[in-house]
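The data block below is work_28.tsv; it holds TSV, C-alpha atoms (C1' of nucleotides).
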```tsv
chain	number	residue	atom	x	y	z
A	30	MET	CA	-26.33	12.01	9.24
A	31	ALA	CA	-24.73	9.64	11.71
A	32	ASP	CA	-24.36	10.92	15.25
A	33	PRO	CA	-20.80	10.33	16.47
A	34	GLN	CA	-22.10	9.79	20.02
A	35	ASN	CA	-24.32	6.83	19.25
A	36	ARG	CA	-22.34	4.95	16.69
A	37	TYR	CA	-22.10	1.61	18.47
A	38	PRO	CA	-25.84	1.24	19.17
A	39	THR	CA	-26.55	2.39	15.63
A	40	ILE	CA	-24.29	-0.22	14.07
A	41	LEU	CA	-25.73	-2.89	16.36
A	42	LYS	CA	-29.23	-1.97	15.28
A	43	ARG	CA	-28.29	-2.14	11.60
A	44	LEU	CA	-26.72	-5.58	12.10
A	45	ARG	CA	-29.88	-6.83	13.79
A	46	GLU	CA	-32.15	-5.27	11.17
A	47	ASN	CA	-30.29	-7.21	8.53
A	48	ASP	CA	-30.36	-10.51	10.42
A	49	HIS	CA	-26.66	-10.77	11.05
A	50	LYS	CA	-25.65	-12.79	14.06
A	51	LEU	CA	-24.10	-10.91	16.93
A	52	THR	CA	-20.98	-12.92	17.57
A	53	PRO	CA	-18.43	-11.73	20.11
A	54	GLN	CA	-15.88	-11.07	17.36
A	55	ARG	CA	-18.34	-9.08	15.30
A	56	LEU	CA	-19.39	-6.98	18.26
A	57	ALA	CA	-15.79	-6.27	19.23
A	58	ILE	CA	-14.93	-5.16	15.71
A	59	ALA	CA	-18.05	-3.00	15.53
A	60	LYS	CA	-17.17	-1.36	18.83
A	61	ILE	CA	-13.67	-0.45	17.66
A	62	LEU	CA	-15.00	0.99	14.41
A	63	ALA	CA	-17.71	2.92	16.22
A	64	ARG	CA	-15.37	4.57	18.69
A	65	SER	CA	-12.14	4.88	16.77
A	66	GLN	CA	-10.70	8.33	16.31
A	67	GLY	CA	-7.52	7.15	14.64
A	68	HIS	CA	-8.71	5.68	11.32
A	69	PRO	CA	-7.41	2.16	12.09
A	70	SER	CA	-6.40	-0.39	9.48
A	71	VAL	CA	-7.64	-4.00	9.47
A	72	GLU	CA	-4.23	-5.02	10.75
A	73	THR	CA	-4.51	-2.52	13.62
A	74	ILE	CA	-7.97	-3.73	14.58
A	75	HIS	CA	-6.74	-7.30	14.51
A	76	GLN	CA	-3.87	-6.40	16.84
A	77	MET	CA	-6.13	-4.44	19.18
A	78	LEU	CA	-8.25	-7.57	19.61
A	79	SER	CA	-5.41	-10.07	19.84
A	80	VAL	CA	-5.51	-10.15	23.64
A	81	GLU	CA	-9.26	-10.61	23.94
A	82	PHE	CA	-9.43	-13.02	20.96
A	83	PRO	CA	-6.05	-14.71	20.54
A	84	THR	CA	-7.24	-17.01	17.76
A	85	MET	CA	-9.26	-14.52	15.75
A	86	SER	CA	-8.17	-14.54	12.12
A	87	LEU	CA	-7.48	-11.54	9.92
A	88	ALA	CA	-10.14	-12.88	7.56
A	89	THR	CA	-12.76	-12.36	10.22
A	90	VAL	CA	-11.75	-8.74	10.62
A	91	TYR	CA	-11.80	-8.22	6.86
A	92	ARG	CA	-15.20	-9.87	6.53
A	93	ASN	CA	-16.77	-7.86	9.32
A	94	VAL	CA	-15.32	-4.53	8.32
A	95	LEU	CA	-16.61	-5.22	4.81
A	96	LEU	CA	-19.99	-6.23	6.18
A	97	ILE	CA	-20.34	-3.07	8.23
A	98	LYS	CA	-19.14	-1.04	5.28
A	99	SER	CA	-21.83	-2.67	3.14
A	100	LEU	CA	-24.37	-1.43	5.67
A	101	GLY	CA	-23.02	2.07	5.09
A	102	GLU	CA	-21.72	2.30	8.62
A	103	VAL	CA	-18.02	2.72	7.97
A	104	LEU	CA	-15.97	4.91	5.66
A	105	GLU	CA	-13.10	3.26	3.81
A	106	LEU	CA	-9.98	5.31	3.08
A	107	GLY	CA	-7.47	3.93	0.60
A	108	PHE	CA	-3.99	5.41	0.51
A	109	ALA	CA	-1.56	4.74	-2.34
A	110	GLY	CA	0.93	2.09	-1.30
A	111	ASP	CA	-0.69	1.59	2.10
A	112	SER	CA	-3.43	-0.58	3.49
A	113	ASN	CA	-6.92	0.83	3.80
A	114	ARG	CA	-7.97	2.75	6.87
A	115	TYR	CA	-11.48	2.82	8.32
A	116	ASP	CA	-13.68	5.35	10.07
A	117	GLY	CA	-16.85	4.06	11.67
A	118	ASN	CA	-17.28	7.12	13.82
A	119	LYS	CA	-17.97	9.43	10.89
A	120	PRO	CA	-18.97	6.96	8.17
A	121	TYR	CA	-19.81	9.61	5.60
A	122	PRO	CA	-17.30	11.31	3.24
A	123	HIS	CA	-15.48	14.16	4.92
A	124	PRO	CA	-12.21	16.04	4.42
A	125	HIS	CA	-9.00	15.06	6.16
A	126	VAL	CA	-5.83	16.91	6.95
A	127	VAL	CA	-2.85	14.61	7.22
A	128	CYS	CA	0.49	15.53	8.76
A	129	VAL	CA	3.18	14.09	6.50
A	130	LYS	CA	5.64	13.96	9.40
A	131	CYS	CA	3.73	12.36	12.27
A	132	LYS	CA	0.77	10.95	10.26
A	133	THR	CA	-1.77	12.59	12.53
A	134	ILE	CA	-5.10	12.91	10.75
A	135	ILE	CA	-7.67	15.48	11.74
A	136	ASP	CA	-11.10	16.32	10.37
A	137	PRO	CA	-11.52	20.00	9.53
A	138	ASP	CA	-14.91	21.66	9.11
A	139	LEU	CA	-14.83	23.22	5.68
A	140	GLU	CA	-17.54	25.74	4.88
A	141	SER	CA	-16.40	25.91	1.29
A	142	LEU	CA	-16.94	22.21	0.53
A	143	LYS	CA	-20.61	22.55	-0.40
A	144	ASP	CA	-19.80	25.38	-2.78
A	145	MET	CA	-17.00	23.38	-4.34
A	146	THR	CA	-19.29	20.41	-4.92
A	147	ALA	CA	-21.76	22.70	-6.65
A	148	GLU	CA	-18.97	24.17	-8.74
A	149	VAL	CA	-17.83	20.71	-9.83
A	150	SER	CA	-21.31	19.68	-10.78
A	151	ALA	CA	-21.94	22.87	-12.72
A	152	GLU	CA	-18.66	22.72	-14.59
A	153	THR	CA	-18.60	19.04	-15.49
A	154	GLY	CA	-22.23	17.97	-15.73
A	155	TYR	CA	-21.49	15.02	-13.45
A	156	THR	CA	-24.00	14.08	-10.78
A	157	ILE	CA	-21.79	14.15	-7.70
A	158	LEU	CA	-22.31	11.27	-5.26
A	159	SER	CA	-19.35	11.52	-2.94
A	160	HIS	CA	-15.87	12.93	-2.57
A	161	ARG	CA	-12.45	12.31	-1.19
A	162	VAL	CA	-10.81	15.49	-0.02
A	163	ASP	CA	-7.46	15.21	1.71
A	164	PHE	CA	-4.90	17.89	2.43
A	165	PHE	CA	-1.31	17.03	3.27
A	166	GLY	CA	0.94	19.27	5.28
A	167	ILE	CA	2.73	19.77	8.55
A	168	CYS	CA	0.88	20.10	11.84
A	169	ARG	CA	1.60	22.77	14.41
A	170	ALA	CA	3.54	20.41	16.68
A	171	CYS	CA	5.84	19.27	13.87
A	172	GLN	CA	6.36	22.86	12.72
A	173	ALA	CA	7.50	23.77	16.25
A	174	ARG	CA	9.69	20.68	16.48
A	175	ASN	CA	11.61	21.74	13.35
A	176	ARG	CA	12.61	25.18	14.56
B	1	MET	CA	4.83	24.45	-13.15
B	2	ALA	CA	4.91	21.90	-15.96
B	3	ASP	CA	3.70	23.15	-19.33
B	4	PRO	CA	1.18	20.65	-20.72
B	5	GLN	CA	2.35	21.45	-24.25
B	6	ASN	CA	5.97	20.40	-23.80
B	7	ARG	CA	5.68	17.42	-21.57
B	8	TYR	CA	7.36	14.87	-23.84
B	9	PRO	CA	10.54	16.90	-24.45
B	10	THR	CA	10.65	17.73	-20.74
B	11	ILE	CA	10.47	14.12	-19.66
B	12	LEU	CA	13.07	13.17	-22.27
B	13	LYS	CA	15.41	15.84	-20.97
B	14	ARG	CA	14.97	14.61	-17.40
B	15	LEU	CA	15.72	11.04	-18.44
B	16	ARG	CA	18.89	12.13	-20.21
B	17	GLU	CA	19.98	14.34	-17.30
B	18	ASN	CA	19.80	11.32	-15.03
B	19	ASP	CA	21.67	9.00	-17.41
B	20	HIS	CA	18.80	6.69	-18.19
B	21	LYS	CA	18.99	4.88	-21.49
B	22	LEU	CA	16.46	5.84	-24.09
B	23	THR	CA	15.06	2.49	-25.12
B	24	PRO	CA	12.17	2.32	-27.57
B	25	GLN	CA	9.91	0.94	-24.85
B	26	ARG	CA	10.82	3.69	-22.42
B	27	LEU	CA	10.27	6.41	-25.00
B	28	ALA	CA	6.90	4.98	-25.99
B	29	ILE	CA	5.76	4.85	-22.37
B	30	ALA	CA	7.02	8.39	-21.76
B	31	LYS	CA	5.13	9.62	-24.80
B	32	ILE	CA	1.87	8.11	-23.63
B	33	LEU	CA	2.28	9.57	-20.16
B	34	ALA	CA	3.20	12.98	-21.57
B	35	ARG	CA	0.23	13.21	-23.87
B	36	SER	CA	-2.45	11.23	-22.10
B	37	GLN	CA	-5.61	13.03	-21.16
B	38	GLY	CA	-7.29	9.93	-19.78
B	39	HIS	CA	-5.26	9.07	-16.69
B	40	PRO	CA	-4.29	5.62	-17.99
B	41	SER	CA	-3.49	2.65	-15.79
B	42	VAL	CA	-0.40	0.52	-16.28
B	43	GLU	CA	-2.63	-2.10	-17.85
B	44	THR	CA	-4.04	0.46	-20.27
B	45	ILE	CA	-0.60	1.70	-21.29
B	46	HIS	CA	0.49	-1.89	-21.84
B	47	GLN	CA	-2.50	-2.51	-24.07
B	48	MET	CA	-1.97	0.71	-26.01
B	49	LEU	CA	1.55	-0.44	-26.84
B	50	SER	CA	0.70	-4.06	-27.57
B	51	VAL	CA	0.61	-3.50	-31.35
B	52	GLU	CA	3.90	-1.62	-31.56
B	53	PHE	CA	5.61	-3.87	-28.97
B	54	PRO	CA	3.87	-7.26	-28.96
B	55	THR	CA	6.34	-8.82	-26.50
B	56	MET	CA	6.63	-5.95	-24.05
B	57	SER	CA	5.97	-7.11	-20.52
B	58	LEU	CA	3.82	-5.46	-17.90
B	59	ALA	CA	6.89	-5.31	-15.66
B	60	THR	CA	8.56	-2.96	-18.12
B	61	VAL	CA	5.59	-0.61	-17.99
B	62	TYR	CA	5.56	-0.72	-14.19
B	63	ARG	CA	9.29	-0.07	-14.01
B	64	ASN	CA	9.23	2.86	-16.38
B	65	VAL	CA	6.17	4.53	-14.94
B	66	LEU	CA	7.83	4.26	-11.54
B	67	LEU	CA	11.08	5.65	-12.92
B	68	ILE	CA	9.36	8.66	-14.46
B	69	LYS	CA	7.41	9.15	-11.27
B	70	SER	CA	10.66	9.17	-9.30
B	71	LEU	CA	11.79	12.03	-11.54
B	72	GLY	CA	8.68	13.92	-10.48
B	73	GLU	CA	7.26	13.84	-13.98
B	74	VAL	CA	4.10	11.84	-13.42
B	75	LEU	CA	1.32	12.05	-10.85
B	76	GLU	CA	0.18	8.75	-9.35
B	77	LEU	CA	-3.46	8.35	-8.36
B	78	GLY	CA	-4.33	5.42	-6.11
B	79	PHE	CA	-7.95	4.37	-5.76
B	80	ALA	CA	-9.30	1.94	-3.16
B	81	GLY	CA	-9.95	-1.41	-4.81
B	82	ASP	CA	-8.72	-0.28	-8.22
B	83	SER	CA	-5.41	-0.14	-10.01
B	84	ASN	CA	-3.41	3.09	-9.97
B	85	ARG	CA	-3.87	5.67	-12.68
B	86	TYR	CA	-1.20	8.04	-13.97
B	87	ASP	CA	-1.04	11.60	-15.24
B	88	GLY	CA	2.16	12.70	-16.91
B	89	ASN	CA	0.52	15.64	-18.60
B	90	LYS	CA	-0.24	17.48	-15.36
B	91	PRO	CA	2.19	15.87	-12.92
B	92	TYR	CA	1.26	18.16	-10.02
B	93	PRO	CA	-1.66	17.70	-7.59
B	94	HIS	CA	-5.01	18.76	-9.03
B	95	PRO	CA	-8.68	17.89	-8.51
B	96	HIS	CA	-10.36	15.03	-10.36
B	97	VAL	CA	-13.90	14.03	-11.13
B	98	VAL	CA	-14.35	10.29	-11.50
B	99	CYS	CA	-17.32	8.51	-13.07
B	100	VAL	CA	-18.11	5.54	-10.86
B	101	LYS	CA	-19.71	3.69	-13.79
B	102	CYS	CA	-17.25	4.01	-16.67
B	103	LYS	CA	-14.20	5.17	-14.66
B	104	THR	CA	-13.69	8.21	-16.87
B	105	ILE	CA	-11.63	10.84	-15.06
B	106	ILE	CA	-11.64	14.53	-15.94
B	107	ASP	CA	-9.87	17.55	-14.50
B	108	PRO	CA	-12.18	20.38	-13.46
B	109	ASP	CA	-10.97	23.93	-12.99
B	110	LEU	CA	-12.01	24.83	-9.47
B	111	GLU	CA	-11.87	28.47	-8.53
B	112	SER	CA	-12.69	27.57	-4.95
B	113	LEU	CA	-9.67	25.32	-4.36
B	114	LYS	CA	-7.34	28.16	-3.37
B	115	ASP	CA	-9.91	29.45	-0.90
B	116	MET	CA	-10.41	26.00	0.55
B	117	THR	CA	-6.69	25.52	1.04
B	118	ALA	CA	-6.57	28.83	2.88
B	119	GLU	CA	-9.54	27.78	5.00
B	120	VAL	CA	-7.87	24.49	5.93
B	121	SER	CA	-4.68	26.27	6.87
B	122	ALA	CA	-6.53	28.87	8.93
B	123	GLU	CA	-8.68	26.35	10.76
B	124	THR	CA	-6.05	23.72	11.51
B	125	GLY	CA	-2.77	25.61	11.69
B	126	TYR	CA	-1.22	23.07	9.33
B	127	THR	CA	1.15	24.28	6.65
B	128	ILE	CA	-0.46	22.77	3.55
B	129	LEU	CA	1.93	21.19	1.05
B	130	SER	CA	-0.32	19.28	-1.30
B	131	HIS	CA	-3.77	17.81	-1.66
B	132	ARG	CA	-5.80	15.02	-3.11
B	133	VAL	CA	-9.22	16.27	-4.14
B	134	ASP	CA	-11.47	13.82	-5.94
B	135	PHE	CA	-15.18	13.90	-6.60
B	136	PHE	CA	-17.10	10.76	-7.52
B	137	GLY	CA	-20.28	10.73	-9.53
B	138	ILE	CA	-21.88	9.82	-12.81
B	139	CYS	CA	-20.83	11.43	-16.06
B	140	ARG	CA	-23.25	12.82	-18.63
B	141	ALA	CA	-22.87	9.82	-20.94
B	142	CYS	CA	-23.65	7.30	-18.19
B	143	GLN	CA	-26.60	9.38	-16.99
B	144	ALA	CA	-28.03	9.24	-20.51
B	145	ARG	CA	-27.30	5.53	-20.82
B	146	ASN	CA	-29.40	4.77	-17.75
B	147	ARG	CA	-32.61	6.34	-18.97
C	17	DT	C1'	32.67	-3.43	-23.98
C	18	DT	C1'	30.20	-2.01	-20.13
C	19	DT	C1'	26.21	-1.31	-17.90
C	20	DT	C1'	21.53	-0.78	-17.95
C	21	DC	C1'	17.15	-2.61	-19.61
C	22	DT	C1'	13.90	-6.06	-20.90
C	23	DG	C1'	11.01	-10.27	-20.67
C	24	DC	C1'	9.80	-13.91	-18.06
C	25	DA	C1'	8.48	-15.98	-14.00
C	26	DA	C1'	8.46	-16.11	-9.24
C	27	DA	C1'	7.68	-13.50	-5.16
C	28	DT	C1'	5.17	-9.88	-2.50
C	29	DG	C1'	1.62	-7.77	0.27
C	30	DC	C1'	-3.05	-6.88	0.93
C	31	DT	C1'	-7.45	-8.75	0.51
C	32	DT	C1'	-10.89	-12.31	-0.66
C	33	DT	C1'	-12.72	-16.96	-0.85
C	34	DG	C1'	-13.63	-22.22	-0.20
C	35	DC	C1'	-14.37	-25.44	3.07
C	36	DA	C1'	-15.20	-27.91	7.31
C	37	DT	C1'	-16.15	-27.05	12.02
C	38	DG	C1'	-18.19	-24.29	15.62
C	39	DG	C1'	-21.62	-21.48	17.68
C	40	DG	C1'	-25.72	-17.97	17.65
C	41	DA	C1'	-30.77	-17.84	17.64
D	6	DT	C1'	-32.02	-27.77	14.86
D	7	DC	C1'	-30.73	-24.69	11.21
D	8	DC	C1'	-27.73	-21.68	9.15
D	9	DC	C1'	-24.59	-18.28	9.52
D	10	DA	C1'	-19.87	-17.12	11.19
D	11	DT	C1'	-15.24	-18.36	12.13
D	12	DG	C1'	-10.48	-20.12	11.45
D	13	DC	C1'	-7.43	-21.83	8.45
D	14	DA	C1'	-5.31	-22.20	4.22
D	15	DA	C1'	-5.43	-21.42	-0.50
D	16	DA	C1'	-6.49	-18.28	-4.13
D	17	DG	C1'	-6.72	-13.54	-6.31
D	18	DC	C1'	-4.91	-9.11	-7.85
D	19	DA	C1'	-1.95	-5.41	-8.50
D	20	DT	C1'	2.67	-4.62	-8.14
D	21	DT	C1'	7.66	-5.69	-7.40
D	22	DT	C1'	11.83	-8.28	-7.91
D	23	DG	C1'	15.57	-11.86	-9.36
D	24	DC	C1'	17.81	-13.42	-13.12
D	25	DA	C1'	19.83	-14.26	-17.68
D	26	DG	C1'	19.95	-12.66	-22.15
D	27	DA	C1'	19.48	-8.34	-25.20
D	28	DA	C1'	20.44	-3.83	-26.32
D	29	DA	C1'	21.89	1.14	-25.53
D	30	DA	C1'	25.92	4.14	-25.23
```
Using C-alpha cells, write down the structure from this file.
Amino acid sequence: MADPQNRYPTILKRLRENDHKLTPQRLAIAKILARSQGHPSVETIHQMLSVEFPTMSLATVYRNVLLIKSLGEVLELGFAGDSNRYDGNKPYPHPHVVCVKCKTIIDPDLESLKDMTAEVSAETGYTILSHRVDFFGICRACQARNR
Amino acid sequence: MADPQNRYPTILKRLRENDHKLTPQRLAIAKILARSQGHPSVETIHQMLSVEFPTMSLATVYRNVLLIKSLGEVLELGFAGDSNRYDGNKPYPHPHVVCVKCKTIIDPDLESLKDMTAEVSAETGYTILSHRVDFFGICRACQARNR
DNA sequence: TTTTCTGCAAATGCTTTGCATGGGA
DNA sequence: TCCCATGCAAAGCATTTGCAGAAAA
C-alpha cells in the first residue's frame, strides 16, 4: 500500500514507467496531489498553480489528474452537487469523517472496516472490490463554537 | 423512521400538507419512488412512465424528485461519473452494495454499522449525524456471466 | 378564476474532446 | 526529429431554469 511519505517520487516513477513526458505542468500537478492533505478539487489545483503557470488551462489539470488516477495513484471522491475532490496522498479507498459545518475532512482509522467488508460479502454474495465510507457530523471545534 | 410498507400514502400526505397539487405525473413519480427497490435514476423513472405518459418531459421528473426530496421523503445517491439514483422506499441513510458491472444496487443489513459509528465518534470526537456507506463489487449474476 | 404545474427549449456547471501549435526526449 | 502535451474553444452530459400554455383546486 502506498507510503504517504514517498508519494511524489512514486508518482514520478509511475509516469516514467508508462512513458509519459514529464512536463512542468504535469510535475506541478503531481506534486500537489502527492502532498495534499485537503482533498483539493481540480479548480483548487488550478488556482494553486495560477501564479507559477498563469496560462495553464483547466483542461490540462483535468487531463493530468485523470492520467494519474488511471495509474492508480490518486483517489477520486465525488460529492453530490459538488465537484470531485482528489487524494493523491492516500490513493486507496479509506473512510472519511466530514464536518458539515466547517467542511474539515479527516481520515479515521477504523478497526471494524475489515469486518464490515467481510459481512457485506457474506450477506450479499458480491465480490467486494472497493468502498466509499463517509461519516458526516460536527467536529470538536464546531461543537465548542456552538455552546 | 419511515415504514417501507406505507411509503406512498406517507408521501401523498406530505404533498397535501404542503399544498402541492396532485397531478397525475406527480402521483406516478411518487408511486415509483415509494415502491422502488432498485434505486432508479431520473432517466429510469422517465422511461418507466413513458407508456402511461408519452409526452412527459425529463424536467418534470427532475422537478418532482427534487420536490419530494425537499420534503425529506427520498434519499439521493450521487455517484462519481454517473447520474444520481433515488430511494423513496428507505429515505434515510443506509449502506449500499453496488455492482460495478450491471449497476445493480442492493441494501445489506449490516450489524457492524452501529459499532463502526461508535468507533468513529470515539476516535474523532465528532458528533455523527449521518453517513454514506457504499461497497463496490461484482454481483453473483455478473460473476457467473464472466466464467 | 387563480395559481401551480407541465413541456419544451435554452441555459448551467462540471468535465471531456478536437485541433493546431509548442515542447519534451 | 518525432510524438506527446498543452491551450483554447467547442462539445458532452446531467441537471436546472425561463416561459407560455394547460390543468388542478
DA16 (chain D) environment, 10 Å, all atoms listed in the file, sequence neighbours closer than 5 positions dropped, as a PyMOL selection string: chain C and resi 32-34
Please, can I see chain A fitted onto chain B by all in-order Cα atoms (least squares), as a compact mmCIF listing (two decimals) with C-alpha atoms, keeping the file's coordinate frame?
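Writing done, so here's selection.txt:
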```txt
# COMPACT_ATOMS: atom_id res chain seq x y z
CA MET A 30 3.89 24.43 -13.83
CA ALA A 31 4.11 21.81 -16.55
CA ASP A 32 2.79 22.82 -19.95
CA PRO A 33 0.43 20.14 -21.27
CA GLN A 34 1.57 20.89 -24.84
CA ASN A 35 5.22 20.08 -24.34
CA ARG A 36 5.12 17.16 -22.01
CA TYR A 37 7.03 14.66 -24.12
CA PRO A 38 10.05 16.91 -24.80
CA THR A 39 10.02 17.93 -21.16
CA ILE A 40 10.13 14.36 -19.90
CA LEU A 41 12.84 13.51 -22.43
CA LYS A 42 14.92 16.42 -21.21
CA ARG A 43 14.53 15.36 -17.58
CA LEU A 44 15.59 11.79 -18.45
CA ARG A 45 18.69 13.09 -20.21
CA GLU A 46 19.52 15.53 -17.42
CA ASN A 47 19.54 12.63 -15.01
CA ASP A 48 21.66 10.37 -17.22
CA HIS A 49 19.02 7.79 -17.93
CA LYS A 50 19.41 5.87 -21.14
CA LEU A 51 16.85 6.50 -23.83
CA THR A 52 15.79 2.99 -24.71
CA PRO A 53 12.95 2.41 -27.15
CA GLN A 54 10.76 0.99 -24.38
CA ARG A 55 11.41 3.92 -22.10
CA LEU A 56 10.65 6.44 -24.82
CA ALA A 57 7.43 4.67 -25.76
CA ILE A 58 6.25 4.64 -22.16
CA ALA A 59 7.18 8.29 -21.72
CA LYS A 60 5.26 9.22 -24.85
CA ILE A 61 2.10 7.49 -23.64
CA LEU A 62 2.33 9.16 -20.24
CA ALA A 63 3.00 12.55 -21.81
CA ARG A 64 0.02 12.44 -24.13
CA SER A 65 -2.51 10.38 -22.24
CA GLN A 66 -5.83 11.97 -21.45
CA GLY A 67 -7.35 8.85 -19.95
CA HIS A 68 -5.30 8.25 -16.78
CA PRO A 69 -4.01 4.83 -17.92
CA SER A 70 -2.94 2.04 -15.60
CA VAL A 71 0.36 0.16 -15.94
CA GLU A 72 -1.60 -2.74 -17.36
CA THR A 73 -3.20 -0.45 -19.96
CA ILE A 74 0.14 1.02 -20.99
CA HIS A 75 1.57 -2.47 -21.30
CA GLN A 76 -1.31 -3.49 -23.56
CA MET A 77 -1.03 -0.34 -25.66
CA LEU A 78 2.60 -1.24 -26.37
CA SER A 79 2.09 -4.96 -26.90
CA VAL A 80 2.01 -4.63 -30.68
CA GLU A 81 5.11 -2.47 -30.98
CA PHE A 82 6.99 -4.42 -28.25
CA PRO A 83 5.59 -7.94 -28.05
CA THR A 84 8.15 -9.11 -25.50
CA MET A 85 8.14 -6.09 -23.22
CA SER A 86 7.54 -7.13 -19.63
CA LEU A 87 5.17 -5.54 -17.15
CA ALA A 88 8.19 -4.98 -14.90
CA THR A 89 9.66 -2.64 -17.46
CA VAL A 90 6.50 -0.57 -17.50
CA TYR A 91 6.41 -0.47 -13.71
CA ARG A 92 10.07 0.52 -13.50
CA ASN A 93 9.77 3.29 -16.05
CA VAL A 94 6.55 4.73 -14.74
CA LEU A 95 8.17 4.77 -11.30
CA LEU A 96 11.29 6.36 -12.72
CA ILE A 97 9.36 9.13 -14.43
CA LYS A 98 7.29 9.60 -11.31
CA SER A 99 10.51 9.98 -9.31
CA LEU A 100 11.46 12.80 -11.66
CA GLY A 101 8.17 14.47 -10.75
CA GLU A 102 6.85 14.08 -14.26
CA VAL A 103 3.83 11.90 -13.62
CA LEU A 104 0.98 11.99 -11.13
CA GLU A 105 0.01 8.70 -9.50
CA LEU A 106 -3.64 8.11 -8.61
CA GLY A 107 -4.48 5.22 -6.31
CA PHE A 108 -8.06 4.02 -6.12
CA ALA A 109 -9.29 1.67 -3.39
CA GLY A 110 -9.47 -1.86 -4.73
CA ASP A 111 -8.12 -0.88 -8.14
CA SER A 112 -4.71 -0.57 -9.70
CA ASN A 113 -3.04 2.81 -9.82
CA ARG A 114 -3.68 5.20 -12.66
CA TYR A 115 -1.17 7.69 -14.05
CA ASP A 116 -1.28 11.18 -15.50
CA GLY A 117 1.86 12.44 -17.18
CA ASN A 118 0.05 15.19 -19.01
CA LYS A 119 -0.79 17.12 -15.85
CA PRO A 120 1.74 15.71 -13.38
CA TYR A 121 0.78 18.02 -10.54
CA PRO A 122 -2.10 17.44 -8.06
CA HIS A 123 -5.43 18.51 -9.47
CA PRO A 124 -9.10 17.71 -8.82
CA HIS A 125 -10.96 15.01 -10.70
CA VAL A 126 -14.60 14.37 -11.34
CA VAL A 127 -15.35 10.70 -11.88
CA CYS A 128 -18.55 9.32 -13.37
CA VAL A 129 -19.49 6.28 -11.30
CA LYS A 130 -21.42 4.80 -14.24
CA CYS A 131 -19.10 5.11 -17.23
CA LYS A 132 -15.83 5.84 -15.33
CA THR A 133 -15.13 8.94 -17.39
CA ILE A 134 -12.74 11.22 -15.54
CA ILE A 135 -12.55 14.92 -16.23
CA ASP A 136 -10.45 17.69 -14.73
CA PRO A 137 -12.51 20.65 -13.52
CA ASP A 138 -11.03 24.09 -12.88
CA LEU A 139 -11.92 24.91 -9.32
CA GLU A 140 -11.50 28.51 -8.23
CA SER A 141 -12.26 27.58 -4.66
CA LEU A 142 -9.38 25.11 -4.27
CA LYS A 143 -6.79 27.70 -3.26
CA ASP A 144 -9.13 29.08 -0.61
CA MET A 145 -9.83 25.61 0.70
CA THR A 146 -6.12 24.85 1.01
CA ALA A 147 -5.68 28.04 2.99
CA GLU A 148 -8.62 27.12 5.18
CA VAL A 149 -7.14 23.69 5.90
CA SER A 150 -3.80 25.14 6.79
CA ALA A 151 -5.31 27.77 9.05
CA GLU A 152 -7.57 25.34 10.85
CA THR A 153 -5.15 22.47 11.37
CA GLY A 154 -1.70 24.05 11.55
CA TYR A 155 -0.45 21.55 8.98
CA THR A 156 1.91 22.73 6.26
CA ILE A 157 0.03 21.59 3.17
CA LEU A 158 2.17 19.99 0.46
CA SER A 159 -0.35 18.42 -1.86
CA HIS A 160 -3.91 17.21 -2.13
CA ARG A 161 -6.15 14.61 -3.62
CA VAL A 162 -9.54 16.00 -4.48
CA ASP A 163 -11.97 13.73 -6.28
CA PHE A 164 -15.69 14.10 -6.76
CA PHE A 165 -17.87 11.16 -7.73
CA GLY A 166 -21.15 11.52 -9.54
CA ILE A 167 -23.01 10.99 -12.76
CA CYS A 168 -22.02 12.74 -15.98
CA ARG A 169 -24.46 14.47 -18.27
CA ALA A 170 -24.49 11.62 -20.80
CA CYS A 171 -25.31 9.02 -18.15
CA GLN A 172 -28.00 11.26 -16.65
CA ALA A 173 -29.65 11.48 -20.08
CA ARG A 174 -29.28 7.75 -20.66
CA ASN A 175 -31.24 7.01 -17.46
CA ARG A 176 -34.33 9.02 -18.33
```
If we count all atoms listed in the file and set the cut-off at 12 Å, which residues sit around DA25 (chain D), ignoring sequence neighbours fewer than 5 positions away in its own chain? Please answer as a list in words. DT22, DG23 and DC24 of chain C
Would you be able to write out as a ChimeraX atom specification which residues have an atom within 12 Å of (-19.8, 9.3, 20.2) in the file's coordinates, counting all atoms listed in the file? /A:31-39,60-66,117-119
Using only C-alpha atoms (C1' of nucleotides), determine which residues of chain D fall within 12 Å of chain A; present them as a PyMOL selection string. chain D and resi 8-14+19-21
Just write the chosen residues, C-alpha atoms (C1' of nucleotides), as a short mmCIF file (atom, residue, chain, number, x, y, z; two decimals), in the coordinates of the input.
```cif
data_model
loop_
_atom_site.label_atom_id
_atom_site.label_comp_id
_atom_site.auth_asym_id
_atom_site.auth_seq_id
_atom_site.Cartn_x
_atom_site.Cartn_y
_atom_site.Cartn_z
"C1'" DC D 8 -27.73 -21.68 9.15
"C1'" DC D 9 -24.59 -18.28 9.52
"C1'" DA D 10 -19.87 -17.12 11.19
"C1'" DT D 11 -15.24 -18.36 12.13
"C1'" DG D 12 -10.48 -20.12 11.45
"C1'" DC D 13 -7.43 -21.83 8.45
"C1'" DA D 14 -5.31 -22.20 4.22
"C1'" DA D 19 -1.95 -5.41 -8.50
"C1'" DT D 20 2.67 -4.62 -8.14
"C1'" DT D 21 7.66 -5.69 -7.40
#
```
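Going from CA of Cys128 (chain A) over to CA of Pro69 (chain A), you cover 15.9 Å.
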Find, counting all atoms listed in the file, the residue in B:Glu17, B:Glu52, B:Tyr62, B:Pro108 that gets nearest to chain C. B:Tyr62
Computed gap from CA of Gln47 (chain B) to CA of Arg85 (chain B) is 14.1 Å
Any idea which chain C residues end up within 8 Å of chain A if we count all atoms listed in the file, as a JSON list (two decimals) with C-alpha atoms (C1' of nucleotides), in the coordinates of the input please?
```json
[["chain", "number", "residue", "atom", "x", "y", "z"],
["C", 30, "DC", "C1'", -3.05, -6.88, 0.93],
["C", 31, "DT", "C1'", -7.45, -8.75, 0.51],
["C", 40, "DG", "C1'", -25.72, -17.97, 17.65]]
```
What's around Met116 (chain B) at 9 Å? Count all atoms listed in the file, leave out sequence neighbours fewer than 2 positions away in its own chain, and write the answer as JSON, numbers by chain. {"A": [139, 140, 141, 142, 145], "B": [112, 113, 114, 118, 119, 120, 121]}
When the cut-off is 6 Å and we count all atoms listed in the file, which residues of chain B are near chain A, given as number ranges by chain? B: 78, 80, 125-140
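From CA of Ile105 (chain B) back to CA of Leu15 (chain B), the distance works out to 27.6 Å.
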